[in-house]
Structure formats: C-alpha cells, structure tokens
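First up is the structure itself, then whatever we jot down about it.
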Amino acid sequence: MASEANTREQGAKPLSVRHERFCQAIVDEMIAGDAYRNAGYKCSNSTARSTGARLLTNANIRARIRELRDKCGQACEMTREDVIRYLSRAIRTPIAEIGPNDPLAQEVTVDRLEGGTVRRRIKIVSKIDALKQLAYMCSWNAPEKIEVEHGHVTRTAIEEAIERLRIESPLIRRIIGQANNEI
C-alpha cells in the first residue's frame, strides 16, 4: 500500500514508510504525537507532540492525508444527502407502511399463532433518535452553553492551551486543514 501511496503526483517526493504510517494514523483520528510514535519513532511524549505537529505542516504529508481522507469518503457508499433522506423517511413514514423488506425495517419477527394466524413484528429505527441525528447533522441544535470558571490567566497560558487543542483535537486539526486548503 505504501508504494501505491507514494505515486500521488508526478514529481512529488515519495513518502517514507514512517511518514505513510503517520498519515494513516492521522486519518484514523489519532493525535499528532501518538501518530508520530505509532509510525515507529522512539522519543519522549513532548518530542512526539512537537515533531508530529511539525509534520502536519509538511506539504507532502498534508497532501497524502487529504488523499487518504478523499479515498475514505469515496469508499463510503452513502453520501450525507443519502443519510439525511433516510433519516427524514424514518421520521415521516407511518409504522404501518413499513414492510419486512423495507430499508427502514431493522428486525422482523414472524410468530405463528394458534389457528394458523401469522403475526409479524417489525422493529424500526427510533423516530426520536432519527430526529436527534437529523437535527445534529443539519446544525439545528442551539449551541450548548458551557460555564467556565476562571481565575487569573496569563496570555502565555491561553496560547499554550490553544496550541494543545490545535495538536490534540481531531476537529481542530480538520478545521485548520480545511482553512489551509482554502488559502
């Protein structure tokens, strides 16, 4: 797989095996320091964090991570729109209209009762859970209010906290990566 990965673009410098492992780990939502050590580098935690963060700024590394994420997106057979359609249908469809072969049917149980009567029980996705997921995916939820206790905080402490978030949070890394791609 590494040799396939190293043929990204003509003229692009091939990644080392360790760099490829680092990229794979980042795509698997590992934080930079852990990904660096997972790639086979032996070092302290602080060195792994700083060097992992530095690797994330490398253009070849970023391009490979973007390529791997694109492949993951293509491998998924459902798009965001497909999921939204499915959730909307799960919410709107009356239970009586769902048959045993319907994609909304999660589980079908057939009981044979006395007198030859057949009873089918069809379990479907929870309409409430589907509604919650749809609201989350469409950003309909109000932002959560988080109370923070604070005391005397220095600018350095704030900058260090921001840097830790930047390095350790997959969401922040993704946002920073998207911002870098737009530049």
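Ordering of the structure tokens sets the chain letters (A, B, ...), residue numbers begin anew at 1 in every chain, and ligands are numbered from 1 in the order given.
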Using only C-alpha atoms, determine which residues lie at most 7 Å from stretch 86-97 of chain A, disregarding the query and same-chain residues fewer than 5 positions distant; provide the list as an NGL selection string. :A and (104 or 125 or 127 or 130-131 or 134)
Closest contacts (stretch 63-125 of chain A/stretch 52-58 of chain A, max 12 Å, only C-alpha atoms) as a tab-separated table:
```
residue	atom	partner	partner_atom	distance
A:Ala63	CA	A:Asn58	CA	8.6
A:Arg64	CA	A:Asn58	CA	10.0
A:Ile65	CA	A:Leu56	CA	9.1
A:Arg66	CA	A:Leu56	CA	11.3
```
DSSP helix (DSSP H, G or I) residues within stretch 29-148 of chain A, listed as a PyMOL selection string: chain A and resi 32-38+45-55+59-75+80-92+95-97+114-116+127-137
Got time to write the residues from that selection, C-alpha atoms, as a short mmCIF file (atom, residue, chain, number, x, y, z; two decimals), in the first residue's frame?
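The resulting file, result-v1.cif, is shown below:
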```cif
data_model
loop_
_atom_site.label_atom_id
_atom_site.label_comp_id
_atom_site.auth_asym_id
_atom_site.auth_seq_id
_atom_site.Cartn_x
_atom_site.Cartn_y
_atom_site.Cartn_z
CA ALA A 32 -0.21 14.03 16.09
CA GLY A 33 2.06 12.92 18.96
CA ASP A 34 0.53 9.45 19.13
CA ALA A 35 0.57 9.15 15.34
CA TYR A 36 4.26 10.07 15.32
CA ARG A 37 5.11 7.37 17.85
CA ASN A 38 2.77 4.88 16.12
CA ASN A 45 5.97 12.45 24.57
CA SER A 46 6.86 16.12 24.26
CA THR A 47 9.17 15.45 21.30
CA ALA A 48 6.49 13.31 19.66
CA ARG A 49 3.89 16.08 20.10
CA SER A 50 6.08 18.83 18.71
CA THR A 51 7.53 16.78 15.85
CA GLY A 52 4.11 15.34 14.99
CA ALA A 53 2.67 18.86 14.88
CA ARG A 54 5.58 19.98 12.68
CA LEU A 55 4.99 17.04 10.30
CA ALA A 59 3.04 19.93 2.22
CA ASN A 60 3.64 16.31 1.14
CA ILE A 61 2.23 14.99 4.42
CA ARG A 62 -0.83 17.25 4.16
CA ALA A 63 -1.38 16.19 0.54
CA ARG A 64 -1.21 12.49 1.49
CA ILE A 65 -3.62 12.99 4.41
CA ARG A 66 -6.02 14.80 2.09
CA GLU A 67 -5.69 11.97 -0.45
CA LEU A 68 -6.39 9.31 2.20
CA ARG A 69 -9.41 11.21 3.50
CA ASP A 70 -10.75 11.55 -0.04
CA LYS A 71 -10.38 7.79 -0.53
CA CYS A 72 -12.27 7.17 2.71
CA GLY A 73 -15.07 9.43 1.51
CA GLN A 74 -15.25 7.63 -1.84
CA ALA A 75 -15.28 4.21 -0.17
CA ARG A 80 -24.54 12.90 3.55
CA GLU A 81 -27.63 13.54 1.44
CA ASP A 82 -28.46 9.80 1.45
CA VAL A 83 -28.29 9.74 5.25
CA ILE A 84 -30.49 12.84 5.53
CA ARG A 85 -33.06 11.28 3.15
CA TYR A 86 -33.02 8.03 5.17
CA LEU A 87 -33.48 9.84 8.50
CA SER A 88 -36.25 12.04 7.06
CA ARG A 89 -38.06 8.99 5.73
CA ALA A 90 -37.66 7.20 9.09
CA ILE A 91 -39.27 10.17 10.84
CA ARG A 92 -42.12 10.71 8.35
CA ILE A 95 -45.06 2.41 11.03
CA ALA A 96 -47.97 0.60 9.33
CA GLU A 97 -46.45 1.40 5.90
CA GLU A 114 -52.95 -20.74 17.17
CA GLY A 115 -55.45 -21.11 14.38
CA GLY A 116 -52.83 -20.50 11.67
CA LYS A 127 -38.07 8.18 15.30
CA ILE A 128 -36.78 10.28 18.21
CA ASP A 129 -33.19 9.10 17.65
CA ALA A 130 -33.54 9.74 13.91
CA LEU A 131 -34.83 13.24 14.65
CA LYS A 132 -31.94 13.93 17.04
CA GLN A 133 -29.39 12.74 14.46
CA LEU A 134 -31.02 14.77 11.69
CA ALA A 135 -31.05 17.89 13.89
CA TYR A 136 -27.36 17.34 14.67
CA MET A 137 -26.39 16.77 11.02
#
```
Rounded to one decimal, what separation in Å do you get between atom CA of A:Arg18 and atom CA of A:Ile162?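 Distance between the two atoms: 27.5 Å.
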What lies within 10 Å of A:Asp102 using only C-alpha atoms, ignoring chain neighbours under 4 positions off, as a PyMOL selection string? chain A and resi 97-98+106+122+124
File of the preceding selection, C-alpha atoms, as a PDB file, in the first residue's frame:
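As a result, out.pdb now contains:
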```pdb
ATOM      1  CA  GLU A  97     -46.451   1.402   5.900  1.00  0.00           C
ATOM      2  CA  ILE A  98     -43.157  -0.340   6.637  1.00  0.00           C
ATOM      3  CA  GLN A 106     -34.293  -3.182  11.452  1.00  0.00           C
ATOM      4  CA  ILE A 122     -41.242  -5.103  12.532  1.00  0.00           C
ATOM      5  CA  ILE A 124     -37.699   0.180  13.002  1.00  0.00           C
TER       6      ILE A 124
END
```
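DSSP on the backbone gives strand (DSSP E) for these parts of stretch 1-127 of chain A: Ala105, Gln106, Glu107, Val108, Thr109, Val110, Asp111, Arg112, Val118, Arg119, Arg120, Arg121, Ile122, Lys123 and Ile124 of chain A.
Here atom CA of A:Thr79 stands at a distance of 18.7 Å from atom CA of A:Val27.
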Using atom CA of A:Phe22 and atom CA of A:Ala39 as the two end points, give the distance in Å to one decimal.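 Atom CA of A:Ala39 lies at a distance of 5.0 Å from atom CA of A:Phe22.
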